[in-house]
Number of protein chains: 2
Amino acid sequence: MKRRLYTPGPTPIPPEAVLAMAQPIEYHRSQEFRALVRRVRENLRYVWCTESEVAILAASGTGAMEFAIVNLFSPGDTVAGIRGGKFGERWGDIATAYGLAYVPIDVEWGTSPDAEEVASVLDAHPGAKALLTTLCETSTGALQDICAYSDVTQERGTLLVVDAVSALGADEIRMDAWGVDALVSCSQKGLMTPPGLAFCALSERARQASERSTLPKHYFSYAKALKNQAKDETPFTPAISLLYGLDAALTAMREEGIENVWARHARLAHATRAGAKALGLPLFAAHPANALTSIRLPDDCDGAALVRHIRNAHGAIFAGGQEHLAGRIVRIAHLGWMDNYDVLTALGALECGMRDVGMDIRLGAGVAAVLEALSQPPV
Amino acid sequence: MKRRLYTPGPTPIPPEAVLAMAQPIEYHRSQEFRALVRRVRENLRYVWCTESEVAILAASGTGAMEFAIVNLFSPGDTVAGIRGGKFGERWGDIATAYGLAYVPIDVEWGTSPDAEEVASVLDAHPGAKALLTTLCETSTGALQDICAYSDVTQERGTLLVVDAVSALGADEIRMDAWGVDALVSCSQKGLMTPPGLAFCALSERARQASERSTLPKHYFSYAKALKNQAKDETPFTPAISLLYGLDAALTAMREEGIENVWARHARLAHATRAGAKALGLPLFAAHPANALTSIRLPDDCDGAALVRHIRNAHGAIFAGGQEHLAGRIVRIAHLGWMDNYDVLTALGALECGMRDVGMDIRLGAGVAAVLEALSQPPV
């Protein structure tokens with residue numbers, strides 16, 4: 001059966017990246033490989049919208065979150081973090097594992113706090129060194145208003161740390177212009193590359209903070225990354241074949257233009273939401289991200305069985321809900337190497353699956369709404 | 001120009017692994033992917049010669065070294081480590097970064113301490129929790145006598161931690177039978193897979209030590225690895241495409257048989273040493289490993305220029321010396337996906353390069369010695 005991957009990471013790999021990864025392995029201490037690293041560094045800065053160096057790690061996205069923590073803080077430091085899903089929780093887990101005092105800003109899953117709520121927590125904890133945020137909370141599809149939080153953090157001299165693991169290259173984020181101090185992402189989402197590479201850029205203010213940080217670090221040392229990347233190398237053996245793929249994917253993103261990449265994701269997200277609404281399914285997130293769409297299922301629907309059936313009978317691989325949302329939502333990513341017809345197919349498979357399991361829908365309503373939404377001028 | 005990779009990591013990738021990595025990305029929380037993880041876990045245990053779980057990390061080899069440190073120790077613990085090259089030094093760097101008291105057992109680069117030297121250091125530091133060793137010190141090609149050290153560590157209740165990054169799958173190591181407590185390696189050496197995966201297995205004694213360890217950890221948590229791998233998953237998104245490649249490479253190793261893999265490397269190393277000697281070049285390491293051969297160059301030879309010339313004019317990519325050995329040695333790996341004719345070619349390229357730069361050699365002596373050595377019965 002033809003399978004189509006709609007999980008919010010990993011995402012499909014474009015053929016030029018697959019082909020690039022099949023190249024023979026090059027020795028990483030060579031002029032040829034340094035030329036590739038130089039190009040990747042430049043294109044990462046372009047996608048991050050920053051002049052700062054983007055550290056390249058052989059790790060999962062969680063490794064880059066840990067990189068941000070161990071380089072910015074010292075034992076006993078206080079950090080505040082927005083917790084409205086699994087990845088907000090992860091910031092708290094990492095901070096706690098490293099002996100930081102973690103102040104959660106708890107919000108209902110699927111929602112995001114407004115800037116006033118964030119400000120009041122930071123005012124109640126004036127010693128908090130940082131606000132830990134998640135541009136797109138992958139477990140719920142909720143978008144956080146990083147721009148608005150930035151006003152709050154800059155006023156108070158608090159570092160703004162953003163996990164953009166699933167959102168980078170889908171939802172607009174401009175590191176320098178928006179005053180982001182640490183911007184974390186990884187390869188297997190909007191960057192259209194297999195998992196195994198992770199990234200973190202630090203602002204000048206964050207770089208200064210990193211010089212005062214005393215948390216133990218070695219593999220995730222920012223100082224080592226900076227020193228080696230200045231020579232177009234990495235401190236430790238890089239994930240060479242994945243960098244071949246990333247180079248091809250970043251080149252494609254640069255050719256498309258980052259604003260166009262964001263606009264494409266906005267269009268695909270808009271169409272997916274329209275399709276879900278036409279099927280009578282409410283969106284789960286109050287402010288949905290453009291990386292993925294979380295759809296709330298009727299209470300009498302076994303969401304896990306639906307996702308499994310759509311995978312097995314229709315080849316479309318959606319993600320279900322996590323933790324207390326297991327079986328309650330379906331998550332459809334339109335992330336990375338995706339176009340209009342991928343979204344059409346996703347809705348088609350969703351409709352057919354719902355019909356198969358006996359849900360009461362008007363077959364064709366979703367896909368019609370997708371085409372209608374895609375034919376409208378950009379929102 | 002046709003290029004041939006003889007660096008002691010990365011090493012060439014066999015075509016079945018390259019093809020496997022070109023497969024479409026599978027969602028890692030699926031039955032299909034769990035079946036792959038189950039097979040990889042089983043084959044890793046086979047190659048490690050252990051019944052213990054081998055933790056699978058998305059990281060470079062250094063990440064797995066850090067994994068061993070952060071899971072076994074607590075702040076202020078004393079550890080002893082053999083330091084006779086860049087990777088022995090790395091154990092010290094990591095231990096020191098994490099606030100351990102590090103007792104170096106310094107030996108001249110290219111040599112390894114005997115068991116008595118190790119015993120006397122451990123006796124002088126009876127509080128030392130572990131001995132940190134390097135099966136093959138990649139920077140020099142020297143082999144350490146892990147079996148002999150094991151008698152010393154077991155007698156004293158000291159943990160035996162082995163970096164087998166470049167040696168695993170080349171030089172014999174039997175984790176359980178030899179009493180090794182932590183055995184670290186990574187993908188891009190004997191395991192014939194691109195860099196980006198790293199591994200560490202812990203003995204039962206080490207697992208118990210890990211429960212007492214209080215060093216901070218999250219991404220490199222052994223407890224998380226154990227818990228998730230029991231379900232054929234990894235705690236964080238795995239490097240999916242690299243695992244496809246690893247699965248193919250491990251399957252090939254299992255078909256060949258690990259004893260045969262070791263014997264092949266012993267044969268290739270023996271032939272390489274014979275070729276070097278026939279060219280009048282002494283070996284650098286007192287007890288050379290089978291993963292790579294380090295050859296000492298005449299004092300009047302610019303080794304860096306020779307390695308560069310051989311690369312540019314003959315397409316054979318050797319490694320030079322590191323740190324104070326820069327320009328003084330050439331390192332030729334016969335590691336991973338390598339056979340007799342790869343060694344013949346390596347010596348041929350070495351001879352031609354030496355001739356080109358005006359060194360006084362009898363052209364053909366090296367390759368003749370290689371063929372002669374390969375035609376002898378196994379040593």
# chains A, B, ... in the order shown; residues from 1 in each chain; ligands from 1
$ interface_residues --of "chain A" --to "chain B" --cutoff "6 Å" --atoms "only C-alpha atoms" --output "PyMOL selection string"
chain A and resi 18+22+58-59+63+97-98+195-196+216+219+239
$ calpha_fit_and_write --fixed "chain B" --moving "chain A" --output "CSV table (one decimal) with C-alpha atoms, in the first residue's frame"
chain,number,residue,atom,x,y,z
A,1,MET,CA,38.7,11.0,-9.3
A,2,LYS,CA,37.7,7.8,-7.5
A,3,ARG,CA,38.1,8.4,-3.8
A,4,ARG,CA,38.7,5.8,-1.2
A,5,LEU,CA,38.1,6.4,2.5
A,6,TYR,CA,40.7,5.0,4.9
A,7,THR,CA,40.1,7.3,7.9
A,8,PRO,CA,39.5,5.7,11.3
A,9,GLY,CA,36.0,6.9,11.2
A,10,PRO,CA,34.0,7.7,9.2
A,11,THR,CA,34.3,4.5,7.2
A,12,PRO,CA,32.8,3.4,3.9
A,13,ILE,CA,29.1,2.4,3.9
A,14,PRO,CA,28.1,-0.9,2.2
A,15,PRO,CA,25.5,-0.5,-0.6
A,16,GLU,CA,22.9,-2.5,1.3
A,17,ALA,CA,23.1,0.1,4.1
A,18,VAL,CA,23.0,3.0,1.6
A,19,LEU,CA,19.9,1.6,0.0
A,20,ALA,CA,18.2,0.9,3.3
A,21,MET,CA,18.7,4.6,4.3
A,22,ALA,CA,17.0,5.7,1.1
A,23,GLN,CA,13.7,4.2,2.3
A,24,PRO,CA,10.9,6.6,3.0
A,25,ILE,CA,10.8,7.7,6.6
A,26,GLU,CA,8.6,5.6,8.8
A,27,TYR,CA,6.8,7.0,11.8
A,28,HIS,CA,8.8,5.7,14.8
A,29,ARG,CA,5.8,5.0,17.0
A,30,SER,CA,4.6,2.1,14.8
A,31,GLN,CA,4.6,-1.6,14.8
A,32,GLU,CA,6.8,-1.7,11.7
A,33,PHE,CA,9.4,0.5,13.3
A,34,ARG,CA,9.3,-1.3,16.6
A,35,ALA,CA,10.1,-4.6,14.7
A,36,LEU,CA,13.2,-2.9,13.4
A,37,VAL,CA,14.3,-1.6,16.8
A,38,ARG,CA,13.8,-5.1,18.2
A,39,ARG,CA,16.1,-6.6,15.6
A,40,VAL,CA,18.7,-3.8,16.1
A,41,ARG,CA,18.6,-4.3,19.9
A,42,GLU,CA,19.2,-8.0,19.4
A,43,ASN,CA,22.0,-7.6,16.9
A,44,LEU,CA,23.7,-4.9,19.0
A,45,ARG,CA,23.8,-7.4,22.0
A,46,TYR,CA,25.3,-9.9,19.6
A,47,VAL,CA,28.1,-7.6,18.5
A,48,TRP,CA,28.6,-6.3,22.1
A,49,CYS,CA,28.8,-10.0,23.3
A,50,THR,CA,26.4,-9.1,26.1
A,51,GLU,CA,23.0,-10.0,27.5
A,52,SER,CA,22.7,-6.4,28.7
A,53,GLU,CA,20.6,-3.8,26.9
A,54,VAL,CA,22.6,-1.6,24.5
A,55,ALA,CA,21.3,2.0,24.8
A,56,ILE,CA,20.7,3.6,21.3
A,57,LEU,CA,21.4,7.3,21.2
A,58,ALA,CA,21.1,9.9,18.5
A,59,ALA,CA,24.6,11.4,19.1
A,60,SER,CA,28.3,11.2,18.2
A,61,GLY,CA,30.5,8.7,20.0
A,62,THR,CA,31.5,11.4,22.5
A,63,GLY,CA,27.8,11.6,23.5
A,64,ALA,CA,27.9,7.9,24.5
A,65,MET,CA,31.1,8.5,26.5
A,66,GLU,CA,29.2,11.3,28.3
A,67,PHE,CA,26.2,8.9,28.7
A,68,ALA,CA,28.5,6.5,30.6
A,69,ILE,CA,29.9,9.3,32.9
A,70,VAL,CA,26.6,10.9,33.8
A,71,ASN,CA,24.8,7.6,34.5
A,72,LEU,CA,27.5,6.0,36.6
A,73,PHE,CA,28.9,8.8,38.9
A,74,SER,CA,28.0,11.5,41.3
A,75,PRO,CA,29.7,14.9,41.9
A,76,GLY,CA,33.0,14.5,43.6
A,77,ASP,CA,33.5,10.8,42.7
A,78,THR,CA,37.0,9.8,41.8
A,79,VAL,CA,37.7,8.0,38.6
A,80,ALA,CA,41.0,6.9,37.1
A,81,GLY,CA,41.6,7.0,33.4
A,82,ILE,CA,44.3,5.8,31.0
A,83,ARG,CA,45.6,8.8,29.0
A,84,GLY,CA,47.9,8.0,26.1
A,85,GLY,CA,46.1,9.9,23.3
A,86,LYS,CA,43.4,12.2,22.3
A,87,PHE,CA,40.5,9.9,23.3
A,88,GLY,CA,42.0,9.0,26.7
A,89,GLU,CA,42.2,12.8,27.2
A,90,ARG,CA,38.6,13.1,26.3
A,91,TRP,CA,37.5,10.8,29.2
A,92,GLY,CA,39.4,13.2,31.4
A,93,ASP,CA,37.8,16.2,29.9
A,94,ILE,CA,34.3,14.8,30.3
A,95,ALA,CA,34.9,13.6,33.9
A,96,THR,CA,36.4,17.0,34.8
A,97,ALA,CA,33.5,18.9,33.2
A,98,TYR,CA,31.1,17.0,35.4
A,99,GLY,CA,33.0,17.7,38.6
A,100,LEU,CA,34.6,14.3,39.1
A,101,ALA,CA,38.1,13.9,40.6
A,102,TYR,CA,40.1,12.6,37.6
A,103,VAL,CA,43.3,10.6,38.2
A,104,PRO,CA,45.2,10.2,34.9
A,105,ILE,CA,47.3,7.2,34.2
A,106,ASP,CA,49.6,8.9,31.8
A,107,VAL,CA,51.5,6.9,29.2
A,108,GLU,CA,53.5,7.9,26.2
A,109,TRP,CA,51.3,8.3,23.1
A,110,GLY,CA,51.4,5.0,21.2
A,111,THR,CA,51.9,2.9,24.3
A,112,SER,CA,49.5,1.4,26.8
A,113,PRO,CA,50.0,0.7,30.5
A,114,ASP,CA,50.3,-2.9,31.7
A,115,ALA,CA,48.0,-4.3,34.3
A,116,GLU,CA,50.5,-3.8,37.1
A,117,GLU,CA,50.7,0.0,36.4
A,118,VAL,CA,47.0,0.2,36.4
A,119,ALA,CA,46.8,-1.8,39.7
A,120,SER,CA,49.3,0.4,41.4
A,121,VAL,CA,47.4,3.6,40.5
A,122,LEU,CA,44.1,2.1,41.7
A,123,ASP,CA,45.8,1.0,44.9
A,124,ALA,CA,47.0,4.5,45.4
A,125,HIS,CA,43.5,5.8,45.0
A,126,PRO,CA,41.3,3.1,46.7
A,127,GLY,CA,38.3,5.4,46.4
A,128,ALA,CA,38.3,5.4,42.6
A,129,LYS,CA,34.9,4.2,41.4
A,130,ALA,CA,36.1,3.3,37.9
A,131,LEU,CA,38.8,2.8,35.4
A,132,LEU,CA,38.2,4.7,32.1
A,133,THR,CA,39.9,2.9,29.2
A,134,THR,CA,40.1,3.0,25.4
A,135,LEU,CA,40.2,-0.3,23.6
A,136,CYS,CA,41.8,1.3,20.5
A,137,GLU,CA,43.2,4.8,21.0
A,138,THR,CA,42.3,6.1,17.6
A,139,SER,CA,44.8,9.0,17.7
A,140,THR,CA,47.7,6.5,18.0
A,141,GLY,CA,46.3,3.1,16.9
A,142,ALA,CA,47.4,1.6,20.3
A,143,LEU,CA,45.4,-1.3,21.7
A,144,GLN,CA,44.7,-1.6,25.4
A,145,ASP,CA,44.7,-5.0,27.2
A,146,ILE,CA,41.1,-4.8,28.5
A,147,CYS,CA,41.2,-8.4,29.6
A,148,ALA,CA,44.2,-7.9,31.8
A,149,TYR,CA,42.7,-4.6,33.3
A,150,SER,CA,39.5,-6.5,34.0
A,151,ASP,CA,41.3,-8.8,36.5
A,152,VAL,CA,42.5,-5.7,38.3
A,153,THR,CA,39.2,-3.9,38.4
A,154,GLN,CA,37.2,-7.0,39.4
A,155,GLU,CA,39.5,-7.7,42.3
A,156,ARG,CA,39.0,-4.2,43.6
A,157,GLY,CA,35.3,-3.7,42.8
A,158,THR,CA,36.2,-0.9,40.4
A,159,LEU,CA,34.0,-0.3,37.4
A,160,LEU,CA,35.7,-1.0,34.0
A,161,VAL,CA,34.5,1.5,31.4
A,162,VAL,CA,35.6,0.9,27.9
A,163,ASP,CA,35.5,3.4,24.9
A,164,ALA,CA,35.4,1.0,22.0
A,165,VAL,CA,34.4,3.7,19.5
A,166,SER,CA,36.9,2.8,16.8
A,167,ALA,CA,37.6,-0.8,17.9
A,168,LEU,CA,34.2,-2.4,18.1
A,169,GLY,CA,33.7,-4.9,15.3
A,170,ALA,CA,37.5,-4.8,14.6
A,171,ASP,CA,39.3,-5.8,17.8
A,172,GLU,CA,37.9,-8.6,19.9
A,173,ILE,CA,35.9,-7.4,22.9
A,174,ARG,CA,33.5,-9.6,24.8
A,175,MET,CA,31.6,-7.4,27.2
A,176,ASP,CA,30.1,-10.1,29.5
A,177,ALA,CA,32.9,-12.7,29.4
A,178,TRP,CA,35.6,-10.0,29.9
A,179,GLY,CA,33.9,-8.3,32.8
A,180,VAL,CA,33.4,-4.9,31.1
A,181,ASP,CA,30.9,-2.7,33.0
A,182,ALA,CA,30.3,0.0,30.4
A,183,LEU,CA,31.0,-0.5,26.7
A,184,VAL,CA,30.7,2.6,24.4
A,185,SER,CA,30.7,2.7,20.6
A,186,CYS,CA,29.1,4.5,17.7
A,187,SER,CA,27.9,3.9,14.2
A,188,GLN,CA,30.6,5.3,11.8
A,189,LYS,CA,33.5,2.9,12.5
A,190,GLY,CA,33.3,-0.9,12.6
A,191,LEU,CA,29.5,-0.8,12.3
A,192,MET,CA,29.7,0.5,8.7
A,193,THR,CA,26.9,3.2,9.1
A,194,PRO,CA,27.1,7.0,8.8
A,195,PRO,CA,27.9,9.0,12.0
A,196,GLY,CA,25.0,10.0,14.2
A,197,LEU,CA,24.2,7.0,16.3
A,198,ALA,CA,26.0,6.1,19.5
A,199,PHE,CA,25.7,3.3,21.9
A,200,CYS,CA,26.4,2.3,25.5
A,201,ALA,CA,25.7,-1.0,27.4
A,202,LEU,CA,26.0,-1.3,31.1
A,203,SER,CA,26.6,-4.5,33.1
A,204,GLU,CA,24.3,-5.4,36.0
A,205,ARG,CA,26.9,-4.0,38.4
A,206,ALA,CA,27.0,-0.7,36.4
A,207,ARG,CA,23.2,-0.7,36.3
A,208,GLN,CA,23.2,-0.8,40.1
A,209,ALA,CA,25.7,2.0,40.1
A,210,SER,CA,23.5,4.0,37.8
A,211,GLU,CA,20.7,3.9,40.4
A,212,ARG,CA,23.0,5.7,42.9
A,213,SER,CA,24.3,8.3,40.4
A,214,THR,CA,23.2,11.8,41.0
A,215,LEU,CA,25.0,13.7,38.2
A,216,PRO,CA,22.3,15.6,36.2
A,217,LYS,CA,21.0,14.0,33.1
A,218,HIS,CA,18.0,14.0,30.9
A,219,TYR,CA,18.8,13.4,27.2
A,220,PHE,CA,21.4,10.9,28.2
A,221,SER,CA,19.4,9.2,30.9
A,222,TYR,CA,20.0,5.4,31.1
A,223,ALA,CA,16.8,4.9,33.0
A,224,LYS,CA,14.8,6.5,30.2
A,225,ALA,CA,16.7,4.4,27.6
A,226,LEU,CA,16.0,1.2,29.4
A,227,LYS,CA,12.3,1.9,30.0
A,228,ASN,CA,11.7,2.9,26.4
A,229,GLN,CA,13.8,0.2,24.7
A,230,ALA,CA,11.9,-2.4,26.7
A,231,LYS,CA,9.0,-1.4,24.4
A,232,ASP,CA,11.2,-1.3,21.3
A,233,GLU,CA,11.2,2.5,21.3
A,234,THR,CA,13.7,5.2,22.2
A,235,PRO,CA,13.0,8.0,24.7
A,236,PHE,CA,13.3,10.7,22.0
A,237,THR,CA,12.8,10.6,18.2
A,238,PRO,CA,15.5,8.2,16.9
A,239,ALA,CA,17.7,8.9,13.9
A,240,ILE,CA,15.4,6.8,11.8
A,241,SER,CA,17.2,6.6,8.5
A,242,LEU,CA,20.5,5.9,10.2
A,243,LEU,CA,18.8,3.0,12.0
A,244,TYR,CA,17.7,1.6,8.6
A,245,GLY,CA,21.3,1.6,7.6
A,246,LEU,CA,22.5,0.2,10.9
A,247,ASP,CA,20.0,-2.6,10.7
A,248,ALA,CA,21.4,-3.6,7.3
A,249,ALA,CA,25.0,-3.4,8.5
A,250,LEU,CA,24.3,-5.4,11.6
A,251,THR,CA,22.5,-8.0,9.6
A,252,ALA,CA,25.6,-8.3,7.4
A,253,MET,CA,27.9,-8.6,10.5
A,254,ARG,CA,25.7,-11.3,11.9
A,255,GLU,CA,25.8,-13.3,8.7
A,256,GLU,CA,29.6,-13.0,8.6
A,257,GLY,CA,29.8,-13.9,12.3
A,258,ILE,CA,31.5,-11.7,14.8
A,259,GLU,CA,34.6,-14.0,15.2
A,260,ASN,CA,35.0,-13.9,11.4
A,261,VAL,CA,34.7,-10.1,11.4
A,262,TRP,CA,37.4,-9.9,14.0
A,263,ALA,CA,39.6,-12.4,12.1
A,264,ARG,CA,39.1,-10.4,8.9
A,265,HIS,CA,40.3,-7.2,10.6
A,266,ALA,CA,43.3,-9.1,12.1
A,267,ARG,CA,44.2,-10.3,8.6
A,268,LEU,CA,43.9,-6.8,7.1
A,269,ALA,CA,45.9,-5.2,10.0
A,270,HIS,CA,48.6,-7.9,9.7
A,271,ALA,CA,48.9,-7.2,6.0
A,272,THR,CA,49.0,-3.4,6.4
A,273,ARG,CA,51.8,-3.7,9.0
A,274,ALA,CA,53.7,-6.1,6.7
A,275,GLY,CA,53.4,-3.5,3.9
A,276,ALA,CA,54.6,-0.7,6.1
A,277,LYS,CA,57.6,-2.7,7.4
A,278,ALA,CA,58.6,-3.6,3.8
A,279,LEU,CA,58.7,0.1,3.0
A,280,GLY,CA,61.0,0.6,5.9
A,281,LEU,CA,58.4,2.5,8.0
A,282,PRO,CA,58.1,1.5,11.7
A,283,LEU,CA,54.7,1.1,13.3
A,284,PHE,CA,53.9,3.8,15.8
A,285,ALA,CA,51.9,1.8,18.3
A,286,ALA,CA,53.7,-0.6,20.6
A,287,HIS,CA,50.7,-2.9,20.6
A,288,PRO,CA,48.8,-2.0,17.4
A,289,ALA,CA,45.0,-2.4,17.2
A,290,ASN,CA,43.4,-4.2,14.3
A,291,ALA,CA,41.1,-1.2,13.5
A,292,LEU,CA,43.8,1.0,12.1
A,293,THR,CA,47.6,1.1,11.6
A,294,SER,CA,49.6,4.1,12.6
A,295,ILE,CA,52.9,4.4,10.7
A,296,ARG,CA,55.8,6.6,11.9
A,297,LEU,CA,57.2,8.8,9.1
A,298,PRO,CA,60.9,9.7,8.7
A,299,ASP,CA,61.8,12.9,10.6
A,300,ASP,CA,62.5,14.7,7.3
A,301,CYS,CA,59.1,13.9,5.9
A,302,ASP,CA,56.3,16.4,6.0
A,303,GLY,CA,53.5,14.0,6.9
A,304,ALA,CA,50.7,16.5,6.5
A,305,ALA,CA,51.8,17.3,2.9
A,306,LEU,CA,52.2,13.6,2.2
A,307,VAL,CA,48.6,12.8,3.4
A,308,ARG,CA,47.3,15.8,1.4
A,309,HIS,CA,49.2,14.7,-1.8
A,310,ILE,CA,48.0,11.1,-1.6
A,311,ARG,CA,44.4,12.4,-1.2
A,312,ASN,CA,44.7,14.8,-4.1
A,313,ALA,CA,46.8,12.8,-6.5
A,314,HIS,CA,45.7,9.2,-5.7
A,315,GLY,CA,42.2,9.6,-4.1
A,316,ALA,CA,43.1,7.6,-1.0
A,317,ILE,CA,42.0,9.5,2.2
A,318,PHE,CA,44.3,8.7,5.1
A,319,ALA,CA,44.4,10.5,8.4
A,320,GLY,CA,47.4,12.3,9.6
A,321,GLY,CA,48.6,12.7,13.2
A,322,GLN,CA,46.8,14.8,15.8
A,323,GLU,CA,48.2,17.3,18.3
A,324,HIS,CA,52.0,16.8,18.7
A,325,LEU,CA,51.9,13.9,16.2
A,326,ALA,CA,50.7,16.3,13.4
A,327,GLY,CA,52.9,15.6,10.4
A,328,ARG,CA,54.7,12.8,12.2
A,329,ILE,CA,52.5,9.8,11.5
A,330,VAL,CA,50.0,8.5,9.0
A,331,ARG,CA,47.0,6.6,10.1
A,332,ILE,CA,45.4,4.0,7.7
A,333,ALA,CA,42.2,2.4,8.8
A,334,HIS,CA,41.2,-1.1,7.7
A,335,LEU,CA,37.9,-0.8,9.5
A,336,GLY,CA,34.4,-1.9,8.7
A,337,TRP,CA,33.5,-2.5,5.1
A,338,MET,CA,37.0,-3.4,4.0
A,339,ASP,CA,38.7,-6.4,2.3
A,340,ASN,CA,42.1,-7.6,1.1
A,341,TYR,CA,42.1,-5.4,-2.0
A,342,ASP,CA,41.3,-2.3,0.0
A,343,VAL,CA,44.5,-2.9,1.9
A,344,LEU,CA,46.4,-3.6,-1.3
A,345,THR,CA,45.2,-0.3,-2.7
A,346,ALA,CA,46.0,1.6,0.5
A,347,LEU,CA,49.6,0.4,0.4
A,348,GLY,CA,49.8,1.1,-3.4
A,349,ALA,CA,48.6,4.7,-2.9
A,350,LEU,CA,51.0,5.1,0.1
A,351,GLU,CA,53.9,3.9,-2.0
A,352,CYS,CA,53.1,6.1,-5.0
A,353,GLY,CA,52.6,9.1,-2.8
A,354,MET,CA,56.0,8.5,-1.1
A,355,ARG,CA,57.6,8.2,-4.4
A,356,ASP,CA,56.0,11.4,-5.7
A,357,VAL,CA,57.3,13.4,-2.8
A,358,GLY,CA,60.8,12.1,-3.3
A,359,MET,CA,61.1,9.6,-0.5
A,360,ASP,CA,63.6,6.8,-1.0
A,361,ILE,CA,61.5,3.6,-1.4
A,362,ARG,CA,61.6,0.5,-3.6
A,363,LEU,CA,58.3,0.9,-5.5
A,364,GLY,CA,56.3,-2.3,-5.2
A,365,ALA,CA,57.8,-3.6,-1.9
A,366,GLY,CA,54.8,-2.6,0.1
A,367,VAL,CA,52.2,-4.2,-2.1
A,368,ALA,CA,54.2,-7.3,-2.5
A,369,ALA,CA,54.5,-7.7,1.2
A,370,VAL,CA,50.7,-7.2,1.5
A,371,LEU,CA,50.0,-10.0,-0.9
A,372,GLU,CA,52.6,-12.2,0.8
A,373,ALA,CA,51.0,-11.6,4.2
A,374,LEU,CA,47.5,-12.2,3.0
A,375,SER,CA,48.6,-15.5,1.5
A,376,GLN,CA,49.8,-16.8,4.8
A,377,PRO,CA,47.6,-18.8,7.1
A,378,PRO,CA,45.8,-16.7,9.7
A,379,VAL,CA,48.0,-15.7,12.6
$ select_by_dssp --residues "segment 73-259 of chain B" --states "strand (DSSP E)" --output "PyMOL selection string"
chain B and resi 78-83+101-106+130-134+136-137+142-143+159-163+182-186+197-202
$ select_by_dssp --residues "segment 118-304 of chain B" --states "alpha helix (DSSP H)" --output "number ranges by chain"
B: 118-124, 146-156, 204-212, 222-229, 240-256, 258-278, 303-304
$ decode --residues "segment 240-261 of chain B" --atoms "C-alpha atoms" --output "short mmCIF file (atom, residue, chain, number, x, y, z; two decimals), in the first residue's frame"
data_model
loop_
_atom_site.label_atom_id
_atom_site.label_comp_id
_atom_site.auth_asym_id
_atom_site.auth_seq_id
_atom_site.Cartn_x
_atom_site.Cartn_y
_atom_site.Cartn_z
CA ILE B 240 15.37 6.79 11.77
CA SER B 241 17.25 6.64 8.46
CA LEU B 242 20.53 5.87 10.24
CA LEU B 243 18.80 3.01 12.03
CA TYR B 244 17.68 1.64 8.65
CA GLY B 245 21.35 1.64 7.63
CA LEU B 246 22.52 0.17 10.92
CA ASP B 247 19.97 -2.62 10.66
CA ALA B 248 21.38 -3.61 7.26
CA ALA B 249 24.98 -3.37 8.47
CA LEU B 250 24.33 -5.40 11.64
CA THR B 251 22.54 -8.05 9.59
CA ALA B 252 25.64 -8.34 7.39
CA MET B 253 27.89 -8.61 10.46
CA ARG B 254 25.72 -11.31 11.94
CA GLU B 255 25.80 -13.26 8.69
CA GLU B 256 29.58 -13.03 8.58
CA GLY B 257 29.81 -13.93 12.28
CA ILE B 258 31.53 -11.71 14.83
CA GLU B 259 34.56 -14.00 15.20
CA ASN B 260 35.00 -13.92 11.42
CA VAL B 261 34.68 -10.13 11.43
#
